[in-house]
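Novice: Enclosed is the structure file protein_6.tsv (TSV, C-alpha atoms and all ligand atoms).
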```tsv
chain	number	residue	atom	x	y	z
A	1	MET	CA	0.00	0.00	0.00
A	2	ILE	CA	1.29	3.44	-0.98
A	3	GLN	CA	0.71	6.56	1.11
A	4	PRO	CA	-0.48	8.91	-1.64
A	5	LEU	CA	0.40	12.55	-1.96
A	6	ILE	CA	-2.81	14.49	-1.36
A	7	LEU	CA	-3.22	17.11	-4.07
A	8	ASP	CA	-4.57	19.85	-1.85
A	9	GLY	CA	-6.51	22.29	-4.02
A	10	LYS	CA	-7.51	24.43	-1.09
A	11	ALA	CA	-3.89	25.12	-0.16
A	12	ALA	CA	-2.80	25.68	-3.78
A	13	ALA	CA	-5.71	28.06	-4.36
A	14	LYS	CA	-4.71	30.08	-1.29
A	15	VAL	CA	-1.18	30.52	-2.66
A	16	ILE	CA	-2.56	31.50	-6.08
A	17	ARG	CA	-4.92	34.06	-4.53
A	18	ALA	CA	-2.00	35.63	-2.66
A	19	GLU	CA	-0.01	35.86	-5.92
A	20	LEU	CA	-3.01	37.39	-7.68
A	21	ALA	CA	-3.57	39.91	-4.87
A	22	ARG	CA	-0.03	41.20	-5.47
A	23	ARG	CA	-0.75	41.61	-9.19
A	24	VAL	CA	-4.01	43.40	-8.41
A	25	ALA	CA	-2.10	45.78	-6.12
A	26	GLU	CA	0.34	46.50	-8.98
A	27	LEU	CA	-2.58	47.25	-11.29
A	28	GLU	CA	-4.14	49.54	-8.70
A	29	VAL	CA	-0.95	51.60	-8.56
A	30	ARG	CA	-1.52	52.16	-12.27
A	31	GLY	CA	-5.12	53.21	-11.67
A	32	VAL	CA	-6.72	49.93	-12.82
A	33	LYS	CA	-9.20	48.04	-10.64
A	34	PRO	CA	-9.93	44.61	-12.17
A	35	GLY	CA	-13.68	44.31	-12.77
A	36	LEU	CA	-15.58	41.02	-12.97
A	37	ARG	CA	-19.28	40.72	-13.71
A	38	ILE	CA	-21.40	37.63	-13.18
A	39	LEU	CA	-24.78	37.10	-14.82
A	40	LEU	CA	-27.08	34.87	-12.81
A	41	VAL	CA	-30.40	34.02	-14.43
A	42	GLY	CA	-33.05	32.28	-12.33
A	43	SER	CA	-32.70	30.79	-8.87
A	44	ASP	CA	-30.82	27.49	-9.21
A	45	PRO	CA	-29.64	26.84	-5.61
A	46	ALA	CA	-26.22	25.41	-6.56
A	47	SER	CA	-25.59	28.40	-8.83
A	48	GLN	CA	-26.36	30.80	-5.97
A	49	VAL	CA	-23.70	29.07	-3.85
A	50	TYR	CA	-21.10	29.10	-6.66
A	51	VAL	CA	-21.76	32.75	-7.43
A	52	SER	CA	-21.39	33.86	-3.83
A	53	SER	CA	-18.10	31.96	-3.50
A	54	LYS	CA	-16.83	33.70	-6.66
A	55	GLU	CA	-17.89	37.09	-5.26
A	56	LYS	CA	-16.20	36.41	-1.93
A	57	ALA	CA	-12.96	35.17	-3.51
A	58	SER	CA	-12.88	38.22	-5.82
A	59	ALA	CA	-13.28	40.63	-2.92
A	60	GLY	CA	-10.48	38.80	-1.08
A	61	ILE	CA	-7.91	39.72	-3.74
A	62	GLY	CA	-9.20	43.20	-4.62
A	63	VAL	CA	-11.18	42.32	-7.77
A	64	SER	CA	-14.41	44.29	-8.00
A	65	ALA	CA	-17.12	41.69	-8.68
A	66	CYS	CA	-20.78	42.55	-9.30
A	67	VAL	CA	-23.61	40.11	-9.84
A	68	GLU	CA	-26.46	40.97	-12.19
A	69	ARG	CA	-29.54	38.90	-11.38
A	70	LEU	CA	-32.29	38.25	-13.90
A	71	PRO	CA	-35.49	36.34	-13.12
A	72	GLU	CA	-36.20	32.80	-14.34
A	73	SER	CA	-38.65	34.38	-16.81
A	74	ALA	CA	-35.94	36.47	-18.51
A	75	SER	CA	-35.87	36.27	-22.29
A	76	PHE	CA	-32.91	35.66	-24.58
A	77	ALA	CA	-33.09	39.37	-25.49
A	78	ASP	CA	-32.78	40.36	-21.80
A	79	VAL	CA	-29.68	38.19	-21.42
A	80	ALA	CA	-28.20	39.39	-24.70
A	81	GLY	CA	-28.74	43.01	-23.64
A	82	VAL	CA	-26.66	42.54	-20.48
A	83	ILE	CA	-23.86	40.77	-22.37
A	84	GLU	CA	-23.73	43.41	-25.07
A	85	SER	CA	-23.45	46.20	-22.50
A	86	TRP	CA	-20.63	44.35	-20.69
A	87	ASN	CA	-18.80	43.76	-23.99
A	88	ARG	CA	-18.57	47.57	-24.33
A	89	ASP	CA	-18.10	48.71	-20.72
A	90	PRO	CA	-14.44	49.69	-20.06
A	91	ALA	CA	-14.83	49.00	-16.31
A	92	VAL	CA	-15.62	45.34	-17.09
A	93	HIS	CA	-12.44	43.36	-17.73
A	94	GLY	CA	-14.09	39.98	-17.70
A	95	PHE	CA	-17.52	38.46	-17.20
A	96	ILE	CA	-19.19	35.11	-16.90
A	97	VAL	CA	-22.64	33.74	-17.51
A	98	GLN	CA	-23.40	31.34	-14.67
A	99	LEU	CA	-24.56	28.00	-16.08
A	100	PRO	CA	-26.97	26.31	-16.32
A	101	LEU	CA	-29.32	28.86	-17.83
A	102	PRO	CA	-33.07	28.32	-17.42
A	103	ARG	CA	-34.66	26.00	-19.95
A	104	GLY	CA	-35.74	27.97	-22.97
A	105	ILE	CA	-32.57	30.06	-23.16
A	106	ASP	CA	-30.06	28.59	-25.58
A	107	ALA	CA	-26.71	28.64	-23.73
A	108	TYR	CA	-24.71	28.18	-26.93
A	109	ALA	CA	-26.39	31.22	-28.53
A	110	VAL	CA	-25.77	33.24	-25.36
A	111	LEU	CA	-22.09	32.27	-25.08
A	112	LYS	CA	-21.61	33.15	-28.76
A	113	LEU	CA	-22.23	36.79	-27.81
A	114	VAL	CA	-19.39	36.94	-25.26
A	115	SER	CA	-16.38	38.93	-26.49
A	116	PRO	CA	-13.32	36.61	-26.46
A	117	ALA	CA	-11.23	39.39	-24.82
A	118	ARG	CA	-13.55	39.31	-21.79
A	119	ASP	CA	-14.45	35.61	-21.80
A	120	VAL	CA	-12.79	34.76	-18.48
A	121	ASP	CA	-14.75	31.49	-18.27
A	122	GLY	CA	-13.28	30.47	-21.63
A	123	LEU	CA	-16.57	28.83	-22.60
A	124	SER	CA	-17.61	30.87	-25.64
A	125	PRO	CA	-17.52	28.96	-28.93
A	126	ALA	CA	-14.74	31.32	-30.07
A	127	SER	CA	-12.56	30.54	-27.02
A	128	LEU	CA	-13.23	26.80	-27.19
A	129	GLY	CA	-12.59	26.76	-30.94
A	130	ALA	CA	-9.29	28.58	-30.45
A	131	LEU	CA	-8.31	26.06	-27.78
A	132	ALA	CA	-9.24	23.09	-29.96
A	133	SER	CA	-7.12	24.48	-32.79
A	134	GLY	CA	-4.15	25.06	-30.50
A	135	ARG	CA	-4.40	28.87	-30.39
A	136	PRO	CA	-5.93	29.40	-26.98
A	137	GLY	CA	-7.13	32.65	-25.51
A	138	PHE	CA	-8.87	32.31	-22.16
A	139	MET	CA	-9.23	28.70	-21.10
A	140	PRO	CA	-12.03	27.18	-18.97
A	141	ALA	CA	-11.33	27.44	-15.26
A	142	THR	CA	-11.85	23.83	-14.13
A	143	PRO	CA	-9.49	22.09	-16.58
A	144	LEU	CA	-7.02	24.96	-16.20
A	145	GLY	CA	-7.17	24.41	-12.44
A	146	ILE	CA	-6.53	20.68	-12.87
A	147	ILE	CA	-3.35	21.28	-14.87
A	148	GLU	CA	-2.24	24.03	-12.45
A	149	LEU	CA	-2.80	21.79	-9.42
A	150	LEU	CA	-0.69	19.01	-10.95
A	151	TRP	CA	2.00	21.51	-11.96
A	152	ARG	CA	2.22	23.04	-8.50
A	153	ASN	CA	2.69	19.57	-7.04
A	154	GLY	CA	5.59	18.86	-9.39
A	155	ILE	CA	3.56	16.53	-11.64
A	156	THR	CA	4.08	17.17	-15.34
A	157	VAL	CA	1.69	15.86	-17.96
A	158	SER	CA	4.18	16.16	-20.79
A	159	GLY	CA	4.92	12.76	-22.33
A	160	LYS	CA	2.54	10.96	-19.95
A	161	ARG	CA	-0.36	8.67	-20.77
A	162	VAL	CA	-3.37	10.63	-19.51
A	163	VAL	CA	-6.85	9.13	-19.46
A	164	VAL	CA	-9.75	11.59	-19.15
A	165	VAL	CA	-13.10	10.06	-18.20
A	166	GLY	CA	-15.94	12.33	-19.39
A	167	ARG	CA	-16.27	14.41	-22.54
A	168	GLY	CA	-18.43	17.18	-21.08
A	169	GLU	CA	-18.01	20.73	-22.35
A	170	LEU	CA	-16.99	22.17	-18.98
A	171	VAL	CA	-14.25	19.75	-18.03
A	172	GLY	CA	-13.34	16.63	-20.04
A	173	ARG	CA	-13.46	17.98	-23.58
A	174	PRO	CA	-11.51	21.23	-23.00
A	175	LEU	CA	-9.08	19.39	-20.70
A	176	ALA	CA	-8.26	16.95	-23.50
A	177	SER	CA	-7.54	19.91	-25.81
A	178	MET	CA	-5.28	21.53	-23.19
A	179	LEU	CA	-3.37	18.31	-22.62
A	180	LEU	CA	-2.68	18.22	-26.35
A	181	LEU	CA	-1.27	21.76	-26.54
A	182	HIS	CA	2.42	22.00	-27.32
A	183	GLY	CA	4.62	22.82	-24.35
A	184	GLU	CA	5.49	21.67	-20.88
A	185	ARG	CA	1.89	21.87	-19.59
A	186	GLY	CA	0.65	19.86	-22.57
A	187	ASP	CA	2.32	17.29	-24.83
A	188	ALA	CA	0.44	14.43	-23.16
A	189	THR	CA	-0.77	11.27	-24.87
A	190	VAL	CA	-4.49	11.55	-24.29
A	191	THR	CA	-7.34	9.03	-24.23
A	192	VAL	CA	-10.89	10.29	-23.63
A	193	CYS	CA	-13.59	7.94	-22.30
A	194	HIS	CA	-17.35	8.42	-22.04
A	195	SER	CA	-20.54	6.49	-21.42
A	196	ARG	CA	-20.06	4.41	-24.57
A	197	THR	CA	-16.52	3.31	-23.74
A	198	PRO	CA	-16.43	-0.48	-23.34
A	199	ASP	CA	-14.47	-1.82	-20.36
A	200	LEU	CA	-13.74	1.51	-18.72
A	201	GLY	CA	-11.53	-0.20	-16.14
A	202	ALA	CA	-9.18	-1.61	-18.77
A	203	VAL	CA	-8.68	1.86	-20.25
A	204	CYS	CA	-8.24	3.51	-16.85
A	205	ARG	CA	-5.58	0.97	-15.94
A	206	THR	CA	-3.44	2.25	-18.85
A	207	ALA	CA	-3.27	5.71	-17.25
A	208	GLU	CA	-0.27	7.25	-15.60
A	209	ILE	CA	-2.55	10.21	-14.85
A	210	LEU	CA	-6.31	9.65	-14.57
A	211	VAL	CA	-8.79	12.53	-14.55
A	212	VAL	CA	-12.43	11.76	-13.86
A	213	ALA	CA	-15.16	14.30	-14.70
A	214	VAL	CA	-18.44	12.43	-15.02
A	215	GLY	CA	-20.86	13.23	-12.21
A	216	ARG	CA	-21.41	9.64	-10.93
A	217	ALA	CA	-20.51	9.02	-7.33
A	218	ARG	CA	-17.62	6.57	-6.86
A	219	LEU	CA	-17.66	5.39	-10.49
A	220	VAL	CA	-13.94	4.63	-10.47
A	221	THR	CA	-12.85	2.01	-7.95
A	222	GLY	CA	-9.49	0.64	-6.86
A	223	ALA	CA	-9.70	-2.33	-9.23
A	224	MET	CA	-9.88	0.10	-12.17
A	225	VAL	CA	-6.52	1.82	-11.60
A	226	SER	CA	-2.89	0.76	-11.78
A	227	GLU	CA	-0.50	1.12	-8.84
A	228	GLY	CA	1.28	4.46	-8.79
A	229	VAL	CA	-1.33	6.35	-10.80
A	230	VAL	CA	-1.99	10.06	-10.25
A	231	VAL	CA	-5.75	10.61	-9.83
A	232	VAL	CA	-7.68	13.85	-10.24
A	233	ASP	CA	-11.36	13.74	-9.31
A	234	ALA	CA	-13.41	16.64	-10.70
A	235	GLY	CA	-16.74	15.03	-9.86
A	236	THR	CA	-19.18	16.61	-7.47
A	237	ASN	CA	-22.08	14.48	-6.28
A	238	SER	CA	-24.31	14.92	-3.29
A	239	ILE	CA	-24.93	11.73	-1.34
A	240	ASP	CA	-27.04	12.07	1.83
A	241	GLY	CA	-26.09	15.75	1.96
A	242	ARG	CA	-22.35	14.99	1.65
A	243	LEU	CA	-20.19	16.01	-1.29
A	244	VAL	CA	-18.48	12.99	-2.88
A	245	GLY	CA	-16.42	12.63	-6.01
A	246	ASP	CA	-16.51	10.29	-9.00
A	247	VAL	CA	-13.62	8.31	-7.54
A	248	ASP	CA	-13.99	5.85	-4.69
A	249	PHE	CA	-11.28	7.43	-2.55
A	250	ALA	CA	-11.19	4.58	-0.02
A	251	THR	CA	-10.18	1.94	-2.58
A	252	VAL	CA	-8.28	4.11	-5.09
A	253	ALA	CA	-6.08	6.16	-2.70
A	254	PRO	CA	-4.12	3.11	-1.40
A	255	ARG	CA	-3.04	2.35	-5.00
A	256	ALA	CA	-2.35	5.95	-6.06
A	257	ALA	CA	0.88	7.96	-5.98
A	258	ALA	CA	-1.16	11.15	-5.70
A	259	ILE	CA	-4.87	11.93	-5.49
A	260	THR	CA	-7.20	14.92	-5.07
A	261	PRO	CA	-9.67	14.94	-2.19
A	262	VAL	CA	-13.34	15.83	-2.66
A	263	PRO	CA	-14.07	18.40	-1.39
A	264	GLY	CA	-10.89	20.47	-1.34
A	265	GLY	CA	-9.30	19.32	-4.60
A	266	VAL	CA	-10.46	20.63	-7.96
A	267	GLY	CA	-13.29	22.87	-6.66
A	268	PRO	CA	-11.14	25.59	-5.02
A	269	MET	CA	-8.82	25.60	-8.06
A	270	THR	CA	-11.75	26.41	-10.35
A	271	VAL	CA	-12.49	29.66	-8.52
A	272	ALA	CA	-8.77	30.55	-8.33
A	273	MET	CA	-8.41	30.11	-12.10
A	274	LEU	CA	-11.44	32.30	-12.78
A	275	LEU	CA	-9.71	35.01	-10.75
A	276	ALA	CA	-6.42	34.38	-12.60
A	277	ASN	CA	-8.20	34.84	-15.94
A	278	THR	CA	-9.83	38.05	-14.66
A	279	VAL	CA	-6.54	39.53	-13.50
A	280	LYS	CA	-4.96	38.53	-16.82
A	281	ALA	CA	-7.81	40.25	-18.69
A	282	ALA	CA	-7.28	43.43	-16.66
A	283	GLU	CA	-3.52	43.30	-17.30
A	284	GLN	CA	-4.12	42.85	-21.00
A	285	ALA	CA	-6.59	45.73	-21.06
A	286	ALA	CA	-4.03	47.86	-19.23
A	287	GLY	CA	-1.43	46.92	-21.83
A	288	LYS	CA	0.62	45.10	-19.24
A	289	ARG	CA	2.59	41.88	-19.55
A	290	GLU	CA	1.09	38.61	-20.74
A	291	LEU	CA	0.84	35.83	-18.13
A	301	LIG	P1	-21.32	16.43	-18.37
A	301	LIG	O1	-21.28	17.50	-19.38
A	301	LIG	O2	-22.65	15.89	-17.94
A	301	LIG	O3	-20.43	15.22	-18.90
A	301	LIG	C1	-20.37	14.01	-18.22
A	301	LIG	C2	-19.56	13.03	-19.04
A	301	LIG	O4	-19.49	11.82	-18.32
A	301	LIG	C3	-20.17	12.69	-20.40
A	301	LIG	O5	-19.16	12.76	-21.38
A	301	LIG	C4	-20.69	11.30	-20.23
A	301	LIG	O6	-20.61	10.50	-21.38
A	301	LIG	C5	-19.72	10.75	-19.22
A	301	LIG	N1	-20.28	9.59	-18.53
A	301	LIG	C6	-21.50	9.46	-17.96
A	301	LIG	N2	-21.63	8.24	-17.42
A	301	LIG	C7	-20.47	7.59	-17.63
A	301	LIG	C8	-20.01	6.30	-17.32
A	301	LIG	N3	-20.75	5.41	-16.66
A	301	LIG	N4	-18.76	5.97	-17.72
A	301	LIG	C9	-17.98	6.84	-18.39
A	301	LIG	N5	-18.37	8.09	-18.71
A	301	LIG	C10	-19.60	8.45	-18.34
A	301	LIG	O7	-20.59	16.86	-17.04
A	301	LIG	P2	-19.53	18.05	-16.78
A	301	LIG	O8	-20.22	19.35	-16.80
A	301	LIG	O9	-18.32	17.83	-17.64
A	301	LIG	O10	-19.16	17.73	-15.26
A	301	LIG	C11	-18.61	16.50	-14.87
A	301	LIG	C12	-18.46	16.47	-13.36
A	301	LIG	O11	-17.56	17.52	-12.98
A	301	LIG	C13	-19.77	16.75	-12.60
A	301	LIG	O12	-19.78	16.01	-11.40
A	301	LIG	C14	-19.68	18.22	-12.27
A	301	LIG	O13	-20.43	18.57	-11.13
A	301	LIG	C15	-18.20	18.34	-12.03
A	301	LIG	N6	-17.67	19.70	-12.15
A	301	LIG	C16	-16.91	20.15	-11.14
A	301	LIG	C17	-16.38	21.41	-11.20
A	301	LIG	C18	-15.54	21.88	-10.06
A	301	LIG	O14	-15.23	23.06	-9.99
A	301	LIG	N7	-15.15	20.99	-9.16
A	301	LIG	C19	-16.62	22.22	-12.29
A	301	LIG	C20	-17.38	21.73	-13.35
A	301	LIG	C21	-17.91	20.45	-13.26
A	301	LIG	P3	-21.47	10.82	-22.72
A	301	LIG	O15	-20.80	12.02	-23.34
A	301	LIG	O16	-21.33	9.59	-23.52
A	301	LIG	O17	-22.86	11.12	-22.25
```
Would you kindly transcribe this structure into structure tokens?
Specialist:
Amino acid sequence: MIQPLILDGKAAAKVIRAELARRVAELEVRGVKPGLRILLVGSDPASQVYVSSKEKASAGIGVSACVERLPESASFADVAGVIESWNRDPAVHGFIVQLPLPRGIDAYAVLKLVSPARDVDGLSPASLGALASGRPGFMPATPLGIIELLWRNGITVSGKRVVVVGRGELVGRPLASMLLLHGERGDATVTVCHSRTPDLGAVCRTAEILVVAVGRARLVTGAMVSEGVVVVDAGTNSIDGRLVGDVDFATVAPRAAAITPVPGGVGPMTVAMLLANTVKAAEQAAGKREL
């Protein structure tokens, strides 16, 4: 039995926020206050929690975050109106549309309106298309956070066999594109699995690094991984009021070289990367250095 390294996203996110706070202070000296806007449509309870944690984290590093709330009954035109005003407002360096949107509002059509220069969630078709073609602008926060968490723990993906379970638009699919980018944070050999993958365990056992982003509690068990694997669990599932991941920690951790906890792994990194993208957008708008 191995004692795995715990990939502590909470601790890494704290360090990142401190680094970002210093960059925000530098911007403030130059008269720039990074501005983030969040559009929340409807009253999805999980979205309310996510939005308030984004607001709180922003305030903690000196980013000015404002939430615009629209009712469940809002029309596409109402949503489009807010986005178009933010695309033009010089005080807004970045903005996000909190997903999911209420049924009846086409998220793809909404995200198409987001200016790539302010798309700090990296989820607009333009940003995702750029990423898929290897010319990324802003990249989605969760997969960015996964790569950052590995990097900060001295785990490189370059040249490794990485298996990604899940091809969702928020995590698995953009992560696979990032892992294929040229450079030291990419250059992985990537396999992507999904609900139609036969013998998921056999594929997972080929992984040196395994990332699971499905949304099924404890889908991946110890018998499905090889000894010494690095495991990242992006899954969030509520079981009897407790947050559990897609990985069965109890059976997988004893076989892993490193593993993320749930909670406290990928989740905190997601918020930190949203802030990183926002600070980067403000620096770019201020004509400052690239990240
Ligand atoms: P999604 O869009 O619903 O995608 C889920 C993927 O899992 C799909 O590709 C699906 O396959 C695949 N899948 C479903 N059942 C499977 C099975 N039995 N075996 C293998 N693959 C299976 O989900 P998502 O938005 O990417 O999110 C995935 C998870 O990450 C969720 O738990 C979500 O809450 C979590 N998440 C966490 C954060 C964070 O900050 N921690 C952020 C975003 C998302 P098909 O494509 O074939 O249907």
Novice: Given the choices A:Ile259, A:Gly9, A:Ile155, A:Val114, which gets closest to ligand LIG 301 (chain A) if the distance is worked out from all atoms listed in the file?
Specialist: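 Distance minimum relative to ligand LIG 301 (chain A) lands on A:Gly9.
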Novice: Please extract the residues at most 8 Å from ligand LIG 301 (chain A), counting all atoms listed in the file, and provide them as a PyMOL selection string, using the chain letters and residue numbers of this document.
Specialist: chain A and resi 141-142+165-173+193-197+200+212-216+219+234-237+245-246+265-271
Novice: What is the distance between CA of Pro116 (chain A) and CA of Pro90 (chain A), in Å to one decimal?
Specialist: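 CA of Pro116 (chain A) sits 14.6 Å away from CA of Pro90 (chain A).
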Novice: Residues at most 12 Å from Lys56 (chain A), counting only C-alpha atoms, excluding those fewer than 4 positions away in the same chain, as a list in words?
Specialist: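 These residues fall inside the cut-off: Arg17, Leu36, Val49, Tyr50, Val51, Ser52, Gly60, Ile61, Gly62, Val63, Ser64, Ala65, Cys66, Val67, Val271, Ala272 and Leu275 of chain A.
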Novice: Under the rule that all atoms listed in the file are counted, which of A:Val32, A:Leu131, A:Met178, A:Ile38 is the nearest residue to Ala285 (chain A)?
Specialist: A:Val32
Novice: Would you list the contacts of Asp89 (chain A) as a PDB file with C-alpha atoms, in the coordinates of the input, taking every protein, DNA or RNA residue within 12 Å and counting all atoms listed in the file, but skipping same-chain residues closer than 3 positions in sequence?
Specialist:
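Output contents, as saved in around-v3.pdb:
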```pdb
ATOM      1  CA  GLY A  35     -13.680  44.310 -12.770  1.00  0.00           C
ATOM      2  CA  LEU A  36     -15.580  41.020 -12.970  1.00  0.00           C
ATOM      3  CA  ARG A  37     -19.280  40.720 -13.710  1.00  0.00           C
ATOM      4  CA  VAL A  82     -26.660  42.540 -20.480  1.00  0.00           C
ATOM      5  CA  ILE A  83     -23.860  40.770 -22.370  1.00  0.00           C
ATOM      6  CA  GLU A  84     -23.730  43.410 -25.070  1.00  0.00           C
ATOM      7  CA  SER A  85     -23.450  46.200 -22.500  1.00  0.00           C
ATOM      8  CA  TRP A  86     -20.630  44.350 -20.690  1.00  0.00           C
ATOM      9  CA  VAL A  92     -15.620  45.340 -17.090  1.00  0.00           C
ATOM     10  CA  HIS A  93     -12.440  43.360 -17.730  1.00  0.00           C
ATOM     11  CA  GLY A  94     -14.090  39.980 -17.700  1.00  0.00           C
ATOM     12  CA  PHE A  95     -17.520  38.460 -17.200  1.00  0.00           C
ATOM     13  CA  SER A 115     -16.380  38.930 -26.490  1.00  0.00           C
ATOM     14  CA  ARG A 118     -13.550  39.310 -21.790  1.00  0.00           C
ATOM     15  CA  ALA A 285      -6.590  45.730 -21.060  1.00  0.00           C
TER      16      ALA A 285
END
```
Novice: Here is a test: counting all atoms listed in the file, which residue of A:Val232, A:Ala57, A:Val15, A:Val120 is nearest to Ala253 (chain A)?
Specialist: A:Val232
Novice: Return as AutoDock Vina command-line options the centre and edge lengths, in Å with one decimal, of the box along x, y and z that encloses every atom of region 133-150 of chain A in the file, padded by 4 Å per side.
Specialist:
```
--center_x -6.4 --center_y 25.8 --center_z -21.1 --size_x 19.3 --size_y 21.6 --size_z 31.4
```
Novice: Which residue gives the smallest distance to Ala46 (chain A) among A:Val230, A:Pro100, A:Val162, A:Val247, with only C-alpha atoms counted?
Specialist: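 Of all the options, A:Pro100 lies closest to Ala46 (chain A).
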Novice: Ser226 (chain A): which residues within 7 Å, counting all atoms listed in the file, same-chain residues fewer than 3 positions away excluded, as a PyMOL selection string?
Specialist: chain A and resi 205+229+255
Novice: What separation in Å, quoted to one decimal, exists between CA of Lys280 (chain A) and CA of Phe138 (chain A)?
Specialist: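 If I compute the distance from CA of Lys280 (chain A) to CA of Phe138 (chain A), I get 9.1 Å.
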Novice: Ranking A:Glu19, A:Glu283, A:Asp119, A:Glu208 by minimum distance to Pro34 (chain A) and counting only C-alpha atoms, which one comes first?
Specialist: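 Among the listed residues, A:Glu283 lies closest to Pro34 (chain A).
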Novice: How many Å separate CA of Leu150 (chain A) from CA of Ala13 (chain A)?
Specialist: 12.3 Å
Novice: Using all atoms listed in the file - which residues lie no farther than 8 Å from the point (-6.7, 23.7, -28.2) in the file's frame? Write them as a list in words.
Specialist: Leu128, Gly129, Ala130, Leu131, Ala132, Ser133, Gly134, Arg135, Pro136, Pro174, Ser177, Met178, Leu180 and Leu181 of chain A
Novice: Ranking A:Leu123, A:Ile147, A:Leu111, A:Val231 by minimum distance to Val163 (chain A) and counting all atoms listed in the file, which one comes first?
Specialist: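 Distance minimum relative to Val163 (chain A) lands on A:Val231.
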Novice: With a cut-off of 10 Å, could you pull out the residues of region 97-138 of chain A touching region 70-78 of chain A and give me the nearest pair of atoms for each, distance in Å to one decimal, using only C-alpha atoms, ordered by chain and ascending number, as a tab-separated table?
Specialist:
```
residue	atom	partner	partner_atom	distance
A:Leu101	CA	A:Glu72	CA	8.7
A:Pro102	CA	A:Glu72	CA	6.3
A:Arg103	CA	A:Glu72	CA	8.9
A:Gly104	CA	A:Ser75	CA	8.3
A:Ile105	CA	A:Phe76	CA	5.8
A:Asp106	CA	A:Phe76	CA	7.7
A:Ala107	CA	A:Phe76	CA	9.4
A:Ala109	CA	A:Phe76	CA	8.8
A:Val110	CA	A:Phe76	CA	7.6
```
Novice: Around the point (-10.5, -2.8, -3.3) (coordinates from the file), which residues reach within 9 Å if we count all atoms listed in the file? Answer as a PDB file with C-alpha atoms, in the coordinates of the input.
Specialist:
```pdb
ATOM      1  CA  THR A 221     -12.850   2.010  -7.950  1.00  0.00           C
ATOM      2  CA  GLY A 222      -9.490   0.640  -6.860  1.00  0.00           C
ATOM      3  CA  ALA A 223      -9.700  -2.330  -9.230  1.00  0.00           C
ATOM      4  CA  ALA A 250     -11.190   4.580  -0.020  1.00  0.00           C
ATOM      5  CA  THR A 251     -10.180   1.940  -2.580  1.00  0.00           C
ATOM      6  CA  VAL A 252      -8.280   4.110  -5.090  1.00  0.00           C
ATOM      7  CA  PRO A 254      -4.120   3.110  -1.400  1.00  0.00           C
TER       8      PRO A 254
END
```
Novice: If you count only C-alpha atoms, which residues fall within 7 Å of Val157 (chain A), apart from same-chain ones fewer than 3 positions away, as a VMD selection string?
Specialist: chain A and resid 160 185 to 186 188
